[in-house]
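Presented below is the structure to which this report refers.
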Amino acid sequence: MRNRTHFLNSMAAVPIDYNLGAGVPPLNLYPPLNLSELVGLFSVESNDKTINYHETGGYITSTAQNFIEVTENIDFEINNIIITNGVQEAISLAIACFKNEQFACIEPSYPGFEDAALSFGCKPIKLSAENWLNEIEKLPENALLYLSADFSNPTGKSLTFEERLRLLKIAESKKFYIFDDATYRPFNLEDAKPSLISLNKERVIHAISFSKILAPGLRTAFVYLPDSLKSSFVGHKSNLSLNNSGITQKIIKEWLNHQKFSLDKQLYLIKERLNRNKRILKSHGIDYFGGFFCLLKLDRVVDYYFCETLLIRKKIAIIPMILFSDDPKYLNQARICVANIDENDLEFVLNEIRKFEP
Ligand SMILES: Cc1ncc(COP(=O)(O)O)c(C=O)c1O
């Protein structure tokens, strides 16, 4: 089945001169990943969990607990953690668990959520970007609201502190759950706002991916689950994937120990780049605060034809916002990823796009 998630994923694999399309991490800016050293390939024994079946929730849960406790400055029980094949699997597991409940997301939203829901025969309701905090008052008990509190894909927007508090107050009183997709949360350029789980551990699922901060090929995410959801997540994971690869878990565990659970050294260069790009974007009147994405507004319609011709003639990839939303206000907008381009090229590309006539 071809869908938007498939399209975005295949775009990530195409070599392009200026790739502002896919949200691929700039691995060239990350310190080298010495896999054989991390796996300790020659010391693995036959009964080692690295190469054997093991518990469905993962065998590096204490590493995951430690990592989230340190990065989010909170405490919780090891039982609240599972390891998944990326955040995308965590999304699918959430959909399997809430299959008979109402799903909701804020328009425009990450298509990996809506497309996964459709695969399960579920159709999320879309809340409006302007009024969603009022609309969630009508969500039924046990609904699941998907969002990214920090640097959402595709808009790059984050919730303010006041919005976080109000959201959690309503979730508490209406008894619905929130899936906070924290994939881009580590790419903050100013002080991080408190995460939703640090403000409420009963209503929030927090999923942090290693795809953008280390390597997508490791297919690993750490997922915090409220007590009430743990057993149904594990039950569905055992049906969908049994457990994650033990080898990639071992890599992540050794890597995190090696980093002393801090991402500072790993993300230093990318954050420097994002800060430089932020200045270029500002000079072009574009709002950008962190993460990988922001919205580029043009004086013309930005449709598939415009983006395809731009790609063929100028080798510049951008994604039309109509891929993410039917709202006519996005007809002249594109999502641009600013993680894989340096500031000189960004300046050049923005000028090229503005004057481009397909
Ligand atoms: C918002 C968001 N969530 C999840 C994913 C998928 O993450 P993972 O590679 O951890 O499955 C992506 C990938 O681009 C994303 O942008």
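Letters A, B, ... mark the chains of the structure tokens in the order given; residue numbers begin at 1 per chain; ligand numbers begin at 1, in order shown.
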Please list as an MDAnalysis selection string every residue within 9 Å of Lys193 in chain A, counting only C-alpha atoms and excluding residues in the same chain fewer than 4 positions away.
chainID A and resid 150 159:161
Using only C-alpha atoms and all ligand atoms, tabulate the residues of chain A lying at most 6 Å from any atom of ligand 1, each with its closest atom pair and that distance in Å to one decimal, by chain and increasing residue number, as a tab-separated table.
residue	atom	partner	partner_atom_place_in_ligand_line	distance
A:Gly23	CA	ligand 1	14 (O)	5.4
A:Gly86	CA	ligand 1	10 (O)	3.3
A:Val87	CA	ligand 1	10 (O)	3.8
A:Gln88	CA	ligand 1	11 (O)	3.7
A:Tyr110	CA	ligand 1	1 (C)	5.4
A:Asn153	CA	ligand 1	1 (C)	5.0
A:Asp181	CA	ligand 1	3 (N)	5.9
A:Thr183	CA	ligand 1	3 (N)	5.5
A:Ser209	CA	ligand 1	10 (O)	4.3
A:Ser211	CA	ligand 1	9 (O)	4.8
A:Pro216	CA	ligand 1	9 (O)	5.3
A:Ala221	CA	ligand 1	10 (O)	5.7
Store the residues picked out above in a file with C-alpha atoms, as a PDB file, in the first residue's frame.
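Dumped everything to selection.pdb:
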ATOM      1  CA  GLY A  23      13.796  14.455   8.052  1.00  0.00           C
ATOM      2  CA  GLY A  86      11.489   3.082  16.646  1.00  0.00           C
ATOM      3  CA  VAL A  87       8.719   5.495  17.581  1.00  0.00           C
ATOM      4  CA  GLN A  88       6.801   4.261  14.553  1.00  0.00           C
ATOM      5  CA  TYR A 110       2.821  13.545  11.382  1.00  0.00           C
ATOM      6  CA  ASN A 153       6.597  17.367  12.311  1.00  0.00           C
ATOM      7  CA  ASP A 181       6.097  11.876  20.219  1.00  0.00           C
ATOM      8  CA  THR A 183      11.395  12.469  18.344  1.00  0.00           C
ATOM      9  CA  SER A 209      13.601   7.809  19.233  1.00  0.00           C
ATOM     10  CA  SER A 211      16.708   7.580  14.876  1.00  0.00           C
ATOM     11  CA  PRO A 216      17.698   5.417  12.119  1.00  0.00           C
ATOM     12  CA  ALA A 221      12.961   3.985  20.759  1.00  0.00           C
TER      13      ALA A 221
END
Closest pair table for range 151-262 of chain A residues within 10 Å of range 44-57 of chain A, only C-alpha atoms, as JSON lines:
{"residue": "A:Phe222", "atom": "CA", "partner": "A:Gly57", "partner_atom": "CA", "distance": 9.9}
{"residue": "A:Val223", "atom": "CA", "partner": "A:Gly57", "partner_atom": "CA", "distance": 9.7}
{"residue": "A:Lys230", "atom": "CA", "partner": "A:Gly57", "partner_atom": "CA", "distance": 9.2}
{"residue": "A:Ser231", "atom": "CA", "partner": "A:Gly57", "partner_atom": "CA", "distance": 9.7}
{"residue": "A:Phe233", "atom": "CA", "partner": "A:Gly57", "partner_atom": "CA", "distance": 8.7}
{"residue": "A:Val234", "atom": "CA", "partner": "A:Gly57", "partner_atom": "CA", "distance": 6.1}
{"residue": "A:Gly235", "atom": "CA", "partner": "A:Thr56", "partner_atom": "CA", "distance": 8.4}
{"residue": "A:His236", "atom": "CA", "partner": "A:Thr56", "partner_atom": "CA", "distance": 9.7}
{"residue": "A:Lys237", "atom": "CA", "partner": "A:Thr56", "partner_atom": "CA", "distance": 6.8}
{"residue": "A:Ser238", "atom": "CA", "partner": "A:Thr56", "partner_atom": "CA", "distance": 5.8}
{"residue": "A:Asn239", "atom": "CA", "partner": "A:Thr56", "partner_atom": "CA", "distance": 9.6}
{"residue": "A:Ser241", "atom": "CA", "partner": "A:Thr56", "partner_atom": "CA", "distance": 8.4}
{"residue": "A:Leu242", "atom": "CA", "partner": "A:Thr56", "partner_atom": "CA", "distance": 5.6}
{"residue": "A:Asn243", "atom": "CA", "partner": "A:Thr56", "partner_atom": "CA", "distance": 4.5}
{"residue": "A:Asn244", "atom": "CA", "partner": "A:Thr56", "partner_atom": "CA", "distance": 7.6}
{"residue": "A:Ser245", "atom": "CA", "partner": "A:Thr50", "partner_atom": "CA", "distance": 7.5}
{"residue": "A:Gly246", "atom": "CA", "partner": "A:Thr50", "partner_atom": "CA", "distance": 4.0}
{"residue": "A:Ile247", "atom": "CA", "partner": "A:Thr50", "partner_atom": "CA", "distance": 5.0}
{"residue": "A:Thr248", "atom": "CA", "partner": "A:Thr50", "partner_atom": "CA", "distance": 8.2}
{"residue": "A:Gln249", "atom": "CA", "partner": "A:Thr50", "partner_atom": "CA", "distance": 7.6}
{"residue": "A:Lys250", "atom": "CA", "partner": "A:Thr50", "partner_atom": "CA", "distance": 6.5}
{"residue": "A:Ile251", "atom": "CA", "partner": "A:Thr50", "partner_atom": "CA", "distance": 9.6}
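With only C-alpha atoms as the atoms that count, the residue of A:Met321, A:Leu144, A:Leu350, A:Ile68 with the shortest distance to Phe261 in chain A is A:Ile68.
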As an exercise, work out the distance from CA of Ala143 in chain A to CA of Leu229 in chain A in Å and give it to one decimal place.
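Answer for the CA of Ala143 in chain A to CA of Leu229 in chain A separation: 12.8 Å.
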Among range 67-238 of chain A, which ones does DSSP assign to helix (DSSP H, G or I) (computed from the backbone)? Answer as a PyMOL selection string.
chain A and resi 67-72+78-80+86-97+111-119+132-138+161-174+196-199+216-218+227-238
I'd like a table as a tab-separated table: residues in range 180-263 of chain A with an atom no more than 8 Å from range 269-285 of chain A, each row giving the shortest atom pair and its distance in Å to one decimal, only C-alpha atoms counted, sorted by chain and rising residue number.
residue	atom	partner	partner_atom	distance
A:Phe187	CA	A:Lys271	CA	6.9
A:Asn188	CA	A:Lys271	CA	8.0
A:Leu189	CA	A:Lys271	CA	6.7
Quick one: residues within 10 Å of Leu33 in chain A, only C-alpha atoms, excluding same-chain residues fewer than 5 positions away - as a list in words?
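Contacts, with the query itself left out: Leu27, Leu38, Leu214, Ala215, Ile251 and Trp255 of chain A.
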From A:Ile213, A:Leu225, A:Leu298, A:Leu310, residue lying nearest Ser262 in chain A [only C-alpha atoms]:
A:Ile213
Under the rule that only C-alpha atoms are counted, which of A:Ser198, A:Gln266, A:Ser158, A:Asn351 is the nearest residue to Asn73 in chain A?
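Closest candidate: A:Ser198.
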Mind checking which residues fall within 9 Å of range 353-357 of chain A, counting only C-alpha atoms, ignoring those fewer than 4 positions away in the same chain, and posting them as a PyMOL selection string?
chain A and resi 298-299+306+309-310+314+316+348-349
Smallest atom-to-atom distance to Ala64 in chain A: which of A:Ile170, A:Ile178, A:Leu256, A:Ile197, using only C-alpha atoms?
A:Leu256
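The closest residue to Lys169 in chain A, picked from A:Arg203, A:Lys260, A:Arg4, A:Arg185 and counting only C-alpha atoms, is A:Arg203.
What separates CA of Pro124 in chain A from CA of Ala149 in chain A is a distance of 18.2 Å.
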With DSSP run on the backbone, what are the strand (DSSP E or B) residues within range 159-221 of chain A? I'd like them as a list in words.
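Across range 159-221 of chain A, those assigned strand (DSSP E or B) are Tyr177, Ile178, Phe179, Asp180, Asp181, Asn188, Val204, Ile205, His206, Ala207, Ile208, Ser209 and Ala221 of chain A.
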Next, dump the selected residues to file, keeping only N, CA and C atoms, as a tab-separated table (two decimals), in the first residue's frame.
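New file out20.tsv:
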chain	number	residue	atom	x	y	z
A	177	TYR	N	-5.84	9.93	27.19
A	177	TYR	CA	-4.38	9.76	27.21
A	177	TYR	C	-3.73	10.59	26.10
A	178	ILE	N	-2.46	10.89	26.31
A	178	ILE	CA	-1.71	11.68	25.32
A	178	ILE	C	-0.49	10.87	24.89
A	179	PHE	N	-0.28	10.74	23.59
A	179	PHE	CA	0.96	10.14	23.08
A	179	PHE	C	1.86	11.30	22.70
A	180	ASP	N	2.92	11.53	23.50
A	180	ASP	CA	3.84	12.62	23.17
A	180	ASP	C	5.02	12.04	22.38
A	181	ASP	N	5.03	12.34	21.10
A	181	ASP	CA	6.10	11.88	20.22
A	181	ASP	C	7.27	12.84	20.37
A	188	ASN	N	16.62	21.01	20.93
A	188	ASN	CA	16.21	22.31	21.45
A	188	ASN	C	17.42	23.25	21.41
A	204	VAL	N	0.27	10.30	30.25
A	204	VAL	CA	1.16	10.56	29.11
A	204	VAL	C	2.01	9.35	28.74
A	205	ILE	N	2.02	9.05	27.44
A	205	ILE	CA	2.98	8.10	26.86
A	205	ILE	C	4.07	8.98	26.26
A	206	HIS	N	5.34	8.67	26.58
A	206	HIS	CA	6.44	9.49	26.07
A	206	HIS	C	7.34	8.59	25.24
A	207	ALA	N	7.51	8.92	23.96
A	207	ALA	CA	8.32	8.06	23.09
A	207	ALA	C	9.50	8.85	22.55
A	208	ILE	N	10.71	8.39	22.87
A	208	ILE	CA	11.90	9.08	22.38
A	208	ILE	C	12.69	8.13	21.46
A	209	SER	N	12.97	8.63	20.27
A	209	SER	CA	13.60	7.81	19.23
A	209	SER	C	15.11	8.01	19.21
A	221	ALA	N	13.53	2.88	19.98
A	221	ALA	CA	12.96	3.98	20.76
A	221	ALA	C	12.74	3.49	22.18
Between CA of Asp264 in chain A and CA of Glu162 in chain A, what is the distance in Å, rounded to a tenth?
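One can read the CA of Asp264 in chain A to CA of Glu162 in chain A distance as 27.4 Å.
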Near range 328-333 of chain A, counting only C-alpha atoms, which residues have an atom at most 10 Å away, once you skip same-chain residues fewer than 5 positions from it, shown as a list in words?
Pro108, Leu295, Leu296, Lys297, Leu298, Asp299, Arg300, Val301, Val302, Asp303, Ile319, Pro320, Met321, Ile322 and Leu323 of chain A
Same residues, C-alpha atoms, output as a compact mmCIF listing (two decimals), in the first residue's frame:
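What landed in part.txt:
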# COMPACT_ATOMS: atom_id res chain seq x y z
CA PRO A 108 -1.47 19.18 10.41
CA LEU A 295 7.23 26.18 7.20
CA LEU A 296 8.14 28.17 4.11
CA LYS A 297 5.36 30.39 2.78
CA LEU A 298 5.51 31.50 -0.88
CA ASP A 299 3.55 34.01 -2.96
CA ARG A 300 2.28 31.19 -5.13
CA VAL A 301 0.65 27.78 -4.91
CA VAL A 302 3.03 25.09 -3.68
CA ASP A 303 1.64 21.86 -5.15
CA ILE A 319 7.54 18.84 0.68
CA PRO A 320 4.28 20.64 -0.15
CA MET A 321 2.14 21.15 2.94
CA ILE A 322 -0.83 19.71 1.05
CA LEU A 323 0.77 16.32 1.74
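If only C-alpha atoms are the atoms counted, then among A:Ala339, A:Leu145, A:Ala94, A:Ile83 the closest residue to Leu29 in chain A is A:Ala339.
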